[in-house]
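Structure file final.cif (mmCIF, C-alpha atoms and all ligand atoms) is printed below.
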data_input
loop_
_atom_site.label_atom_id
_atom_site.label_comp_id
_atom_site.auth_asym_id
_atom_site.auth_seq_id
_atom_site.Cartn_x
_atom_site.Cartn_y
_atom_site.Cartn_z
CA VAL A 1 0.00 0.00 0.00
CA GLY A 2 2.76 2.47 0.90
CA ARG A 3 2.13 5.41 3.20
CA THR A 4 2.19 8.42 0.91
CA PHE A 5 -0.81 9.24 -1.26
CA ASP A 6 -1.77 12.01 -3.64
CA ARG A 7 -5.23 12.37 -2.12
CA VAL A 8 -7.29 10.77 0.64
CA TRP A 9 -11.05 10.98 1.16
CA ARG A 10 -12.04 10.13 4.72
CA GLY A 11 -15.04 10.16 7.04
CA GLY A 12 -17.67 8.64 4.76
CA THR A 13 -19.50 5.41 4.03
CA LEU A 14 -18.05 3.34 1.21
CA ALA A 15 -19.97 0.98 -1.03
CA THR A 16 -16.91 -0.79 -2.44
CA LEU A 17 -18.86 -3.28 -4.61
CA SER A 18 -15.82 -5.46 -4.12
CA GLN A 19 -16.50 -8.98 -5.37
CA ALA A 20 -14.77 -10.29 -2.25
CA ALA A 21 -17.26 -8.51 0.04
CA GLU A 22 -20.89 -9.22 0.88
CA GLY A 23 -23.58 -7.22 -0.92
CA LEU A 24 -22.48 -3.68 -1.65
CA GLY A 25 -19.35 -4.08 0.47
CA ILE A 26 -20.40 -1.34 2.87
CA VAL A 27 -17.62 0.17 4.98
CA GLN A 28 -18.53 2.65 7.73
CA ASP A 29 -15.93 5.30 8.65
CA GLY A 30 -14.23 4.50 5.39
CA ALA A 31 -11.38 6.09 3.51
CA VAL A 32 -10.16 5.98 -0.08
CA ALA A 33 -6.55 6.76 -0.93
CA CYS A 34 -5.37 7.56 -4.42
CA ARG A 35 -1.95 7.51 -6.03
CA ASP A 36 -1.23 8.23 -9.71
CA GLY A 37 -4.94 8.12 -10.57
CA ARG A 38 -5.36 4.62 -9.10
CA ILE A 39 -6.96 3.44 -5.88
CA ALA A 40 -4.15 2.62 -3.45
CA TYR A 41 -6.42 1.85 -0.51
CA ALA A 42 -10.17 1.62 0.15
CA GLY A 43 -11.52 0.40 3.47
CA PRO A 44 -11.86 1.33 7.13
CA GLU A 45 -9.89 4.45 7.96
CA ALA A 46 -8.71 2.67 11.11
CA ASP A 47 -6.87 0.15 8.92
CA MET A 48 -4.92 2.76 6.94
CA PRO A 49 -1.14 2.29 7.19
CA LEU A 50 0.32 3.92 10.29
CA GLY A 51 1.72 7.39 9.71
CA TRP A 52 0.03 7.83 6.32
CA ASP A 53 0.43 11.10 4.54
CA ALA A 54 -1.30 12.73 1.58
CA GLY A 55 -0.99 15.83 -0.59
CA GLU A 56 -4.65 16.55 0.07
CA VAL A 57 -7.12 15.16 2.60
CA ILE A 58 -10.84 15.61 1.92
CA ASP A 59 -13.52 15.13 4.58
CA LEU A 60 -16.56 13.29 3.20
CA GLU A 61 -18.75 14.47 6.11
CA GLY A 62 -20.60 11.17 6.26
CA ARG A 63 -21.44 11.00 2.57
CA LEU A 64 -21.81 7.78 0.60
CA VAL A 65 -19.04 6.91 -1.91
CA THR A 66 -19.56 4.44 -4.74
CA PRO A 67 -17.47 3.62 -7.78
CA GLY A 68 -18.12 6.15 -10.58
CA LEU A 69 -21.18 5.22 -12.63
CA VAL A 70 -20.68 3.21 -15.82
CA ASP A 71 -23.24 3.74 -18.59
CA CYS A 72 -22.67 0.59 -20.65
CA HIS A 73 -25.24 1.15 -23.43
CA THR A 74 -25.73 4.47 -25.24
CA HIS A 75 -26.26 5.74 -28.77
CA LEU A 76 -24.89 9.14 -27.81
CA VAL A 77 -23.67 10.41 -31.20
CA PHE A 78 -26.44 11.31 -33.66
CA GLY A 79 -27.75 14.17 -35.75
CA GLY A 80 -31.01 16.01 -35.08
CA ASP A 81 -33.56 14.77 -32.58
CA ARG A 82 -36.98 13.13 -32.71
CA SER A 83 -39.02 15.46 -30.52
CA ALA A 84 -41.50 16.16 -33.33
CA GLU A 85 -42.11 12.45 -33.68
CA PHE A 86 -42.44 12.13 -29.92
CA GLU A 87 -45.18 14.76 -30.15
CA MET A 88 -46.89 12.94 -33.06
CA ARG A 89 -47.12 9.85 -30.88
CA ARG A 90 -48.79 11.90 -28.13
CA ARG A 91 -51.37 12.97 -30.73
CA GLY A 92 -52.09 9.37 -31.61
CA SER A 93 -49.99 8.72 -34.72
CA SER A 94 -48.96 5.12 -35.15
CA TYR A 95 -45.39 3.96 -35.69
CA GLU A 96 -46.25 3.31 -39.35
CA GLU A 97 -47.76 6.76 -39.89
CA ILE A 98 -44.63 8.27 -38.37
CA ALA A 99 -42.42 6.17 -40.63
CA ARG A 100 -44.48 7.23 -43.69
CA ALA A 101 -44.08 10.86 -42.64
CA GLY A 102 -40.33 10.35 -42.82
CA GLY A 103 -39.81 9.72 -39.10
CA GLY A 104 -38.27 6.83 -37.24
CA ILE A 105 -34.68 5.67 -37.29
CA VAL A 106 -34.30 6.62 -40.97
CA SER A 107 -34.82 10.27 -40.10
CA THR A 108 -31.96 10.10 -37.59
CA VAL A 109 -29.78 8.37 -40.20
CA ARG A 110 -30.54 11.20 -42.64
CA ALA A 111 -29.73 13.88 -40.06
CA THR A 112 -26.56 12.10 -38.96
CA ARG A 113 -25.24 11.69 -42.49
CA ALA A 114 -25.94 15.39 -43.13
CA ALA A 115 -24.20 16.62 -39.97
CA ASP A 116 -20.50 17.45 -40.06
CA ASP A 117 -18.07 16.14 -37.46
CA GLY A 118 -18.13 19.40 -35.50
CA GLU A 119 -21.90 19.31 -35.13
CA LEU A 120 -21.91 15.63 -34.16
CA TYR A 121 -19.22 16.34 -31.58
CA ARG A 122 -20.94 19.42 -30.13
CA THR A 123 -24.37 17.87 -29.72
CA ALA A 124 -22.97 14.64 -28.25
CA ALA A 125 -20.64 16.58 -25.93
CA ASP A 126 -23.64 18.46 -24.55
CA ARG A 127 -25.33 15.17 -23.66
CA LEU A 128 -22.10 13.69 -22.38
CA ASP A 129 -21.41 16.65 -20.09
CA ARG A 130 -24.85 16.13 -18.52
CA MET A 131 -23.99 12.48 -17.93
CA ILE A 132 -20.71 13.50 -16.32
CA ALA A 133 -22.57 15.93 -14.05
CA ASP A 134 -24.78 12.99 -13.10
CA GLY A 135 -21.87 10.82 -11.87
CA VAL A 136 -20.80 8.88 -14.96
CA THR A 137 -17.06 8.12 -15.27
CA THR A 138 -17.19 5.57 -18.11
CA VAL A 139 -19.60 5.54 -21.04
CA GLU A 140 -20.07 3.21 -23.99
CA ILE A 141 -21.01 4.85 -27.29
CA LYS A 142 -22.43 2.93 -30.24
CA SER A 143 -22.50 3.90 -33.89
CA GLY A 144 -25.57 2.80 -35.83
CA TYR A 145 -27.02 6.01 -37.31
CA GLY A 146 -24.68 6.13 -40.28
CA LEU A 147 -25.40 2.78 -41.92
CA ASP A 148 -22.73 3.44 -44.52
CA VAL A 149 -19.04 2.81 -44.03
CA GLU A 150 -17.88 6.42 -43.87
CA THR A 151 -20.58 7.69 -41.53
CA GLU A 152 -20.32 4.70 -39.19
CA LEU A 153 -16.57 5.26 -38.89
CA ARG A 154 -17.13 9.00 -38.50
CA ILE A 155 -19.44 8.39 -35.51
CA LEU A 156 -16.83 6.16 -33.91
CA ARG A 157 -14.13 8.80 -34.48
CA VAL A 158 -16.34 11.43 -32.82
CA ALA A 159 -16.84 9.02 -29.91
CA ARG A 160 -13.06 8.57 -29.61
CA ALA A 161 -12.62 12.37 -29.77
CA LEU A 162 -15.12 12.78 -26.91
CA GLY A 163 -13.08 10.32 -24.86
CA ALA A 164 -9.89 12.22 -25.64
CA THR A 165 -11.27 15.64 -24.72
CA ARG A 166 -13.79 15.06 -21.92
CA PRO A 167 -12.95 13.84 -18.38
CA VAL A 168 -14.59 10.47 -18.91
CA ALA A 169 -13.55 7.08 -20.31
CA VAL A 170 -15.29 6.19 -23.58
CA THR A 171 -15.58 2.71 -25.04
CA THR A 172 -16.90 2.35 -28.59
CA THR A 173 -19.12 -0.21 -30.26
CA LEU A 174 -19.75 -0.60 -33.99
CA LEU A 175 -23.48 -1.09 -34.56
CA GLY A 176 -23.61 -1.30 -38.36
CA PRO A 177 -26.48 -3.81 -38.23
CA HIS A 178 -28.85 -1.41 -36.44
CA ALA A 179 -31.32 -1.08 -39.32
CA LEU A 180 -31.35 -1.77 -43.03
CA PRO A 181 -30.50 1.49 -44.80
CA PRO A 182 -33.16 2.50 -47.35
CA GLU A 183 -30.77 2.26 -50.30
CA PHE A 184 -30.29 -1.48 -49.58
CA LYS A 185 -34.01 -2.30 -49.34
CA ALA A 186 -33.81 -4.53 -52.38
CA ASP A 187 -30.59 -6.26 -51.38
CA ARG A 188 -30.16 -7.14 -47.72
CA ALA A 189 -27.25 -9.47 -48.44
CA ALA A 190 -25.28 -6.62 -50.00
CA TYR A 191 -25.64 -4.54 -46.84
CA LEU A 192 -24.55 -7.48 -44.68
CA ARG A 193 -21.46 -7.86 -46.90
CA LEU A 194 -20.73 -4.16 -46.44
CA VAL A 195 -20.82 -4.70 -42.66
CA THR A 196 -18.74 -7.88 -42.60
CA ASP A 197 -16.27 -7.10 -45.38
CA GLU A 198 -15.75 -3.35 -44.97
CA MET A 199 -17.15 -1.79 -41.79
CA ILE A 200 -15.80 -4.35 -39.33
CA PRO A 201 -12.35 -4.74 -40.96
CA ARG A 202 -11.88 -0.96 -41.24
CA ALA A 203 -13.14 -0.18 -37.75
CA SER A 204 -10.79 -2.85 -36.45
CA ALA A 205 -7.78 -1.76 -38.51
CA GLU A 206 -8.24 1.87 -37.46
CA GLY A 207 -8.71 0.93 -33.80
CA LEU A 208 -12.13 2.59 -33.73
CA ALA A 209 -14.26 -0.17 -32.21
CA ASP A 210 -13.89 -1.99 -28.91
CA ALA A 211 -16.86 -4.26 -29.69
CA VAL A 212 -19.47 -5.07 -32.32
CA ASP A 213 -23.24 -4.99 -31.72
CA ALA A 214 -26.35 -5.87 -33.74
CA PHE A 215 -30.13 -5.49 -33.49
CA LEU A 216 -31.79 -8.91 -33.69
CA GLU A 217 -35.53 -8.46 -34.37
CA PRO A 218 -37.90 -9.27 -37.21
CA ILE A 219 -37.93 -5.51 -38.00
CA ALA A 220 -34.12 -5.44 -38.09
CA PHE A 221 -31.87 -8.48 -38.67
CA SER A 222 -32.33 -12.25 -38.47
CA THR A 223 -30.40 -14.84 -36.46
CA GLU A 224 -28.55 -15.99 -39.58
CA GLU A 225 -27.61 -12.41 -40.50
CA VAL A 226 -26.39 -11.60 -36.99
CA ARG A 227 -24.34 -14.82 -37.00
CA GLN A 228 -22.50 -13.61 -40.10
CA VAL A 229 -21.76 -10.30 -38.40
CA PHE A 230 -20.56 -11.99 -35.21
CA GLU A 231 -18.33 -14.36 -37.20
CA ALA A 232 -16.72 -11.35 -38.87
CA ALA A 233 -16.21 -9.71 -35.46
CA ARG A 234 -14.71 -12.89 -34.07
CA ALA A 235 -12.30 -13.11 -37.02
CA ARG A 236 -11.00 -9.65 -36.01
CA GLY A 237 -10.84 -10.53 -32.33
CA LEU A 238 -13.62 -8.09 -31.41
CA PRO A 239 -16.05 -9.03 -28.62
CA VAL A 240 -19.77 -8.83 -29.37
CA LYS A 241 -22.94 -7.48 -27.73
CA LEU A 242 -26.54 -7.85 -28.86
CA HIS A 243 -29.84 -5.95 -28.78
CA ALA A 244 -31.81 -9.06 -27.89
CA ASP A 245 -35.46 -10.00 -27.38
CA GLN A 246 -36.65 -6.41 -26.94
CA LEU A 247 -39.85 -6.53 -28.98
CA THR A 248 -40.26 -10.25 -29.73
CA ALA A 249 -38.93 -13.59 -28.51
CA SER A 250 -36.36 -14.04 -31.25
CA GLY A 251 -33.75 -16.22 -29.56
CA GLY A 252 -31.45 -13.26 -28.96
CA ALA A 253 -30.18 -14.28 -25.53
CA ALA A 254 -29.25 -17.76 -26.77
CA LEU A 255 -27.46 -16.37 -29.81
CA ALA A 256 -25.51 -13.88 -27.69
CA ALA A 257 -24.54 -16.65 -25.29
CA ASP A 258 -23.50 -18.85 -28.21
CA PHE A 259 -20.88 -16.25 -29.16
CA GLY A 260 -19.79 -15.61 -25.57
CA ALA A 261 -21.12 -12.05 -25.88
CA LEU A 262 -20.09 -9.48 -23.28
CA SER A 263 -23.75 -8.58 -22.90
CA ALA A 264 -27.26 -9.20 -24.15
CA ASP A 265 -29.34 -6.04 -23.86
CA HIS A 266 -33.09 -5.34 -23.33
CA LEU A 267 -34.30 -8.99 -22.88
CA GLU A 268 -38.01 -8.20 -22.35
CA TRP A 269 -39.00 -11.39 -24.21
CA THR A 270 -36.19 -13.70 -23.11
CA ASP A 271 -37.42 -17.13 -21.97
CA GLU A 272 -36.03 -19.60 -19.40
CA ALA A 273 -33.79 -21.31 -21.96
CA GLY A 274 -32.32 -17.94 -22.92
CA VAL A 275 -31.68 -17.09 -19.28
CA ALA A 276 -29.95 -20.45 -18.75
CA ALA A 277 -27.76 -19.82 -21.80
CA LEU A 278 -26.71 -16.39 -20.49
CA ALA A 279 -25.85 -17.89 -17.11
CA GLU A 280 -23.78 -20.63 -18.72
CA ALA A 281 -21.88 -18.17 -20.94
CA GLY A 282 -21.34 -15.55 -18.22
CA THR A 283 -22.98 -12.94 -20.46
CA VAL A 284 -24.25 -9.83 -18.66
CA ALA A 285 -27.96 -8.97 -18.94
CA VAL A 286 -28.15 -5.21 -19.60
CA LEU A 287 -31.52 -3.79 -18.54
CA LEU A 288 -32.72 -0.61 -20.25
CA PRO A 289 -35.61 0.86 -18.28
CA GLY A 290 -35.58 4.14 -20.24
CA ALA A 291 -36.70 2.43 -23.44
CA PHE A 292 -39.26 0.37 -21.50
CA PHE A 293 -40.61 3.61 -20.03
CA SER A 294 -40.61 5.68 -23.24
CA LEU A 295 -42.28 2.95 -25.29
CA ARG A 296 -44.81 2.32 -22.50
CA GLU A 297 -43.99 -1.39 -22.69
CA ASP A 298 -45.73 -3.81 -20.40
CA ARG A 299 -43.61 -6.90 -20.95
CA LYS A 300 -40.79 -6.87 -18.38
CA PRO A 301 -37.44 -8.66 -18.57
CA PRO A 302 -37.47 -11.96 -16.62
CA ILE A 303 -35.79 -10.48 -13.55
CA GLU A 304 -36.68 -13.31 -11.18
CA ALA A 305 -35.31 -15.95 -13.57
CA LEU A 306 -32.12 -13.93 -14.17
CA ARG A 307 -31.69 -13.58 -10.42
CA ARG A 308 -32.23 -17.28 -9.77
CA ALA A 309 -29.80 -18.26 -12.51
CA GLY A 310 -27.16 -15.84 -11.19
CA VAL A 311 -26.92 -13.85 -14.43
CA PRO A 312 -25.12 -10.54 -13.73
CA MET A 313 -27.52 -7.64 -14.34
CA ALA A 314 -26.43 -4.16 -15.45
CA VAL A 315 -28.50 -0.99 -15.87
CA ALA A 316 -27.90 1.62 -18.60
CA THR A 317 -29.63 4.66 -20.14
CA ASP A 318 -29.79 3.43 -23.78
CA CYS A 319 -29.61 7.17 -24.54
CA ASN A 320 -30.93 7.51 -28.10
CA PRO A 321 -33.17 9.98 -29.93
CA GLY A 322 -36.03 7.61 -30.71
CA THR A 323 -36.89 5.25 -27.88
CA SER A 324 -34.91 6.45 -24.86
CA PRO A 325 -34.08 10.18 -24.78
CA LEU A 326 -32.52 9.69 -21.35
CA VAL A 327 -29.20 11.20 -20.25
CA SER A 328 -29.37 10.44 -16.53
CA MET A 329 -27.99 7.23 -15.05
CA GLN A 330 -29.52 8.24 -11.72
CA ALA A 331 -32.95 8.32 -13.35
CA ALA A 332 -32.25 5.00 -15.11
CA MET A 333 -31.41 3.51 -11.73
CA THR A 334 -34.70 4.67 -10.18
CA LEU A 335 -36.67 3.50 -13.22
CA ALA A 336 -35.01 0.06 -12.99
CA ALA A 337 -35.90 -0.19 -9.32
CA VAL A 338 -39.51 0.89 -9.79
CA GLN A 339 -40.39 -0.75 -13.11
CA PHE A 340 -38.30 -3.93 -12.87
CA ARG A 341 -38.37 -4.25 -9.07
CA LEU A 342 -34.63 -4.43 -8.69
CA THR A 343 -33.29 -3.93 -5.17
CA ALA A 344 -31.09 -0.93 -4.39
CA GLU A 345 -28.19 -3.34 -4.15
CA GLU A 346 -28.88 -4.78 -7.61
CA VAL A 347 -29.34 -1.34 -9.13
CA ILE A 348 -26.11 0.10 -7.69
CA ALA A 349 -24.11 -3.01 -8.65
CA GLY A 350 -25.77 -2.83 -12.08
CA ALA A 351 -24.64 0.76 -12.60
CA THR A 352 -21.04 0.07 -11.52
CA ARG A 353 -19.50 -3.39 -11.22
CA GLU A 354 -21.80 -5.29 -13.58
CA ALA A 355 -21.81 -2.47 -16.14
CA ALA A 356 -18.01 -2.63 -16.15
CA ARG A 357 -18.30 -6.36 -16.79
CA ALA A 358 -20.69 -5.69 -19.69
CA LEU A 359 -17.85 -3.69 -21.28
CA GLY A 360 -15.15 -6.25 -20.50
CA ARG A 361 -13.53 -3.63 -18.25
CA GLU A 362 -14.11 -5.29 -14.87
CA ALA A 363 -10.37 -5.62 -14.18
CA ASP A 364 -9.93 -1.84 -14.36
CA ILE A 365 -13.11 -0.12 -13.15
CA GLY A 366 -16.44 -0.72 -11.41
CA THR A 367 -15.37 -1.40 -7.80
CA LEU A 368 -13.32 0.35 -5.13
CA ASP A 369 -10.51 -2.18 -5.16
CA PRO A 370 -6.81 -1.25 -4.94
CA GLY A 371 -5.18 -1.07 -8.35
CA LYS A 372 -8.32 0.04 -10.18
CA ALA A 373 -8.82 3.49 -11.66
CA CYS A 374 -9.72 6.01 -8.92
CA ASP A 375 -13.19 6.77 -10.33
CA LEU A 376 -15.57 7.77 -7.53
CA ALA A 377 -19.04 9.17 -7.16
CA ILE A 378 -19.53 10.99 -3.86
CA TRP A 379 -23.21 11.36 -3.09
CA ASP A 380 -25.28 13.75 -1.01
CA VAL A 381 -26.95 10.75 0.58
CA GLU A 382 -25.97 8.59 3.52
CA GLN A 383 -27.79 5.36 2.64
CA PRO A 384 -27.56 3.37 -0.62
CA ALA A 385 -31.36 3.02 -0.82
CA GLU A 386 -31.67 6.82 -0.94
CA LEU A 387 -29.64 6.91 -4.14
CA VAL A 388 -32.22 4.81 -5.92
CA TYR A 389 -35.26 6.40 -4.28
CA TRP A 390 -35.09 10.00 -5.52
CA LEU A 391 -36.17 10.76 -9.07
CA GLY A 392 -35.03 13.95 -10.76
CA ARG A 393 -32.85 15.06 -7.85
CA ASN A 394 -29.23 15.07 -8.88
CA SER A 395 -27.73 13.56 -5.73
CA LEU A 396 -24.14 13.86 -6.93
CA HIS A 397 -21.91 15.86 -4.61
CA VAL A 398 -18.58 15.42 -6.41
CA ARG A 399 -17.37 13.10 -9.11
CA VAL A 400 -13.75 11.92 -9.15
CA TRP A 401 -12.27 10.65 -12.38
CA ARG A 402 -8.78 9.13 -12.40
CA GLY A 403 -8.13 10.58 -8.95
CA ARG A 404 -9.25 14.16 -9.76
ZN ZN A 501 -29.72 0.39 -27.83
#
Could you show the structure in this file as C-alpha cells?
Amino acid sequence: VGRTFDRVWRGGTLATLSQAAEGLGIVQDGAVACRDGRIAYAGPEADMPLGWDAGEVIDLEGRLVTPGLVDCHTHLVFGGDRSAEFEMRRRGSSYEEIARAGGGIVSTVRATRAADDGELYRTAADRLDRMIADGVTTVEIKSGYGLDVETELRILRVARALGATRPVAVTTTLLGPHALPPEFKADRAAYLRLVTDEMIPRASAEGLADAVDAFLEPIAFSTEEVRQVFEAARARGLPVKLHADQLTASGGAALAADFGALSADHLEWTDEAGVAALAEAGTVAVLLPGAFFSLREDRKPPIEALRRAGVPMAVATDCNPGTSPLVSMQAAMTLAAVQFRLTAEEVIAGATREAARALGREADIGTLDPGKACDLAIWDVEQPAELVYWLGRNSLHVRVWRGR
C-alpha cells in the first residue's frame, strides 16, 4: 500500500462493490486513498497504514461513496432529434404513420449523415457533459445512425474524440447492423457484406471499435444475418454485444450466449432457456428501463429468472433519440428499481461493477478495489437506498475521475 498518497477521502460510508465482500461491500468510517490516478487503498480508515500522509485530505462528512457510474449502453452520437415524432405519438400517430411521414430511425440516419463532425461532436458533448454531471465516469457509445461505411466510422471517431477531450472514459461499439439502410431495401445481403467485409475490418484496422453490436428483431436483422456479423467480429478478435429479445422472442439471448457475448441487452421477451444460456456463458444482462418507459412497454425482462440463474444484471440509459431520450444514469437507476423491481443493491451493482463487466472492463473499473482506476461518485446521501429512491434530484456531490 505504501504510506504516501496524492489524495485521501475520509469520514464517509463506502460501497466498495468489491467482489470479495458481501452485498455492496459497505464500509462505515471508510477512507479511499489515491496515487497516480489509481486506488491505493479503500476500506476502514482505522486500517490505513500507520503514519500515512497525503498531498490533500478531503472530509466526506458522512457521505456515501460508490465507484463512478458506468453507462454501458448508449447511442450518444447522432444528428437532429426526434421530438417532433415524440409529439406525433402523443397525438395518436402510429409507428407506421410516423415512418411514412419520414420519421423513425431513418430520419436520424438522414440527419446524422448530413451533420458534419463538429456538429456531431458538439451535440454529443452536450449530452455527455450532462452524464458527467450525473456521476458517470465511463460511457459506452455505439455507432448505428450512419449505416454506410464512412458515416459509421465518422461516428466512432467522434466518440473517440469525446473520450480524448472530456474527463470520462469512452468505449466504442460498432453497430452497423442497427437497421437496413433505405438504399439497400432490395438487397439485404449486399448490406450485410458491407458490414462484414468493410465496416468491421476498417473499424478494427483503425482501432475505432472496442466491440461489435447488432439489433436482432424481425424488423431489423435475423439470427442468420447476426451470425454472419458476429463471425466477422470474431475473425477480427472483437467481442460482441446484442440488442436481444426487446420486442419479440427471437432467440437473442441464446445467440448472444453462443458467441460468448459481453452482454445481451433489453431482454423483455427472453425465456427460461435464454436465461440459462446467459448464465452458462457468463454474459451480462443489460436492462434498459428508459426504453421500457418511453415505449410504455408492459412486458418486463425476466428479472426473477435472471436472479435465480445468477446472471449478472447491469442498468444503462440506452440514450438515443427515438426510444430512450434519457441522459441520466440516476434516473435510469430509479426506473429500474420501480419498473423492474430491482433492489437498491442490484441497481447500484448494475450501474457500476456489472456495467463494467458488460464492457469487459471489470479488471480496471467498477469497484473500489486497490489497483483500479480512482473513479468515484460521492453522493449527497448517507444510505444506498436513498440513491435509488429520488427521481429527478441530482444527488451527486462530487465526481472523481482518475483521482481528480
Ligand atoms: Zn440500444
Surrounding residues as a list in words, ligand ZN 501 (chain A), max 7 Å, all atoms listed in the file: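 So, counting all atoms listed in the file, the residues near ligand ZN 501 (chain A) are His73, Thr74, His75, His243 and Asp318 of chain A.
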Residue with smallest distance to Ala249 in chain A - pool A:Ser263, A:Thr172, A:Gln228, A:Thr270, counting all atoms listed in the file: A:Thr270
For CA of Met199 in chain A and CA of Ala235 in chain A, the interatomic separation in Å (one decimal):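 Between these atoms lies a distance of 13.2 Å.
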Using all atoms listed in the file, which residues sit within 8 Å of Gly251 in chain A once same-chain residues fewer than 6 positions away are excluded, as an mmCIF file with C-alpha atoms, in the frame of the given file?
data_model
loop_
_atom_site.group_PDB
_atom_site.id
_atom_site.type_symbol
_atom_site.label_atom_id
_atom_site.label_comp_id
_atom_site.auth_asym_id
_atom_site.auth_seq_id
_atom_site.Cartn_x
_atom_site.Cartn_y
_atom_site.Cartn_z
ATOM 1 C CA THR A 223 -30.400 -14.840 -36.460
ATOM 2 C CA ALA A 244 -31.810 -9.060 -27.890
ATOM 3 C CA ASP A 245 -35.460 -10.000 -27.380
ATOM 4 C CA THR A 270 -36.190 -13.700 -23.110
ATOM 5 C CA GLY A 274 -32.320 -17.940 -22.920
#
Non-local contacts of Thr16 in chain A (6 Å; all atoms listed in the file; under 4 positions in same chain excluded) as a list of chain:residue names: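 The residues that qualify are A:Gly25, A:Thr367, A:Leu368.
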What are the closest atom pairs, with distances in Å to one decimal, for all residues of range 125-189 of chain A lying within 10 Å of range 101-106 of chain A? Consider only C-alpha atoms, order rows by chain and residue number, and present the result as a Markdown table.
| residue | atom | partner | partner_atom | distance |
| --- | --- | --- | --- | --- |
| A:Gly144 | CA | A:Ile105 | CA | 9.7 |
| A:Tyr145 | CA | A:Ile105 | CA | 7.7 |
| A:Gly146 | CA | A:Val106 | CA | 9.7 |
| A:Leu147 | CA | A:Val106 | CA | 9.7 |
| A:His178 | CA | A:Ile105 | CA | 9.2 |
| A:Ala179 | CA | A:Ile105 | CA | 7.8 |
| A:Leu180 | CA | A:Val106 | CA | 9.1 |
| A:Pro181 | CA | A:Val106 | CA | 7.4 |
| A:Pro182 | CA | A:Val106 | CA | 7.7 |
Distance criterion (all atoms listed in the file): nearest to Val168 in chain A out of A:Leu14, A:Leu376, A:Leu192, A:Ile26: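 Answer, going by the shortest atom-to-atom distance: A:Leu376.
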Selected residue, from A:Asp197, A:Asp71, A:Asp213, A:Asp129, that lies nearest to Ala355 in chain A when counting only C-alpha atoms: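 Closest to Ala355 in chain A, using only C-alpha atoms: A:Asp71.
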Close residues, range 135-143 of chain A itself excluded, 7 Å, only C-alpha atoms, min 4 positions apart in chain, as a PDB file with C-alpha atoms, in the frame of the given file:
ATOM      1  CA  GLY A  68     -18.120   6.150 -10.580  1.00  0.00           C
ATOM      2  CA  LEU A  69     -21.180   5.220 -12.630  1.00  0.00           C
ATOM      3  CA  VAL A  70     -20.680   3.210 -15.820  1.00  0.00           C
ATOM      4  CA  ASP A  71     -23.240   3.740 -18.590  1.00  0.00           C
ATOM      5  CA  CYS A  72     -22.670   0.590 -20.650  1.00  0.00           C
ATOM      6  CA  HIS A  73     -25.240   1.150 -23.430  1.00  0.00           C
ATOM      7  CA  THR A  74     -25.730   4.470 -25.240  1.00  0.00           C
ATOM      8  CA  HIS A  75     -26.260   5.740 -28.770  1.00  0.00           C
ATOM      9  CA  LEU A  76     -24.890   9.140 -27.810  1.00  0.00           C
ATOM     10  CA  MET A 131     -23.990  12.480 -17.930  1.00  0.00           C
ATOM     11  CA  GLU A 152     -20.320   4.700 -39.190  1.00  0.00           C
ATOM     12  CA  ILE A 155     -19.440   8.390 -35.510  1.00  0.00           C
ATOM     13  CA  LEU A 156     -16.830   6.160 -33.910  1.00  0.00           C
ATOM     14  CA  ALA A 159     -16.840   9.020 -29.910  1.00  0.00           C
ATOM     15  CA  VAL A 168     -14.590  10.470 -18.910  1.00  0.00           C
ATOM     16  CA  ALA A 169     -13.550   7.080 -20.310  1.00  0.00           C
ATOM     17  CA  VAL A 170     -15.290   6.190 -23.580  1.00  0.00           C
ATOM     18  CA  THR A 171     -15.580   2.710 -25.040  1.00  0.00           C
ATOM     19  CA  THR A 172     -16.900   2.350 -28.590  1.00  0.00           C
ATOM     20  CA  THR A 173     -19.120  -0.210 -30.260  1.00  0.00           C
ATOM     21  CA  LEU A 174     -19.750  -0.600 -33.990  1.00  0.00           C
ATOM     22  CA  LEU A 175     -23.480  -1.090 -34.560  1.00  0.00           C
ATOM     23  CA  GLY A 176     -23.610  -1.300 -38.360  1.00  0.00           C
ATOM     24  CA  ASP A 375     -13.190   6.770 -10.330  1.00  0.00           C
ATOM     25  CA  ALA A 377     -19.040   9.170  -7.160  1.00  0.00           C
ATOM     26  CA  LEU A 396     -24.140  13.860  -6.930  1.00  0.00           C
ATOM     27  CA  ARG A 399     -17.370  13.100  -9.110  1.00  0.00           C
ATOM     28  CA  TRP A 401     -12.270  10.650 -12.380  1.00  0.00           C
TER      29      TRP A 401
END
Selected residue of minimal separation from Val57 in chain A among A:Gly11, A:Pro44, A:Gly23, A:Gly92, counting only C-alpha atoms: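 Of A:Gly11, A:Pro44, A:Gly23, A:Gly92, the one nearest Val57 in chain A is A:Gly11, counting only C-alpha atoms.
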Residue nearest Lys241 in chain A - candidates A:Pro370, A:Pro177, A:Pro218, A:Gly403, atoms counted: all atoms listed in the file: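 Using all atoms listed in the file, Lys241 in chain A sits closest to A:Pro177.
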Pick from A:Glu224, A:Glu297, A:Glu217, A:Asp134, whichever lies nearest to Ser328 in chain A using only C-alpha atoms: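 Smallest separation from Ser328 in chain A among the options: A:Asp134.
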Protein/DNA/RNA residues near (-24.1, -15.3, -36.1), cut 12 Å, only C-alpha atoms, as a PyMOL selection string: chain A and resi 177+192+196+212-216+221-234+240-242+251-252+254-261
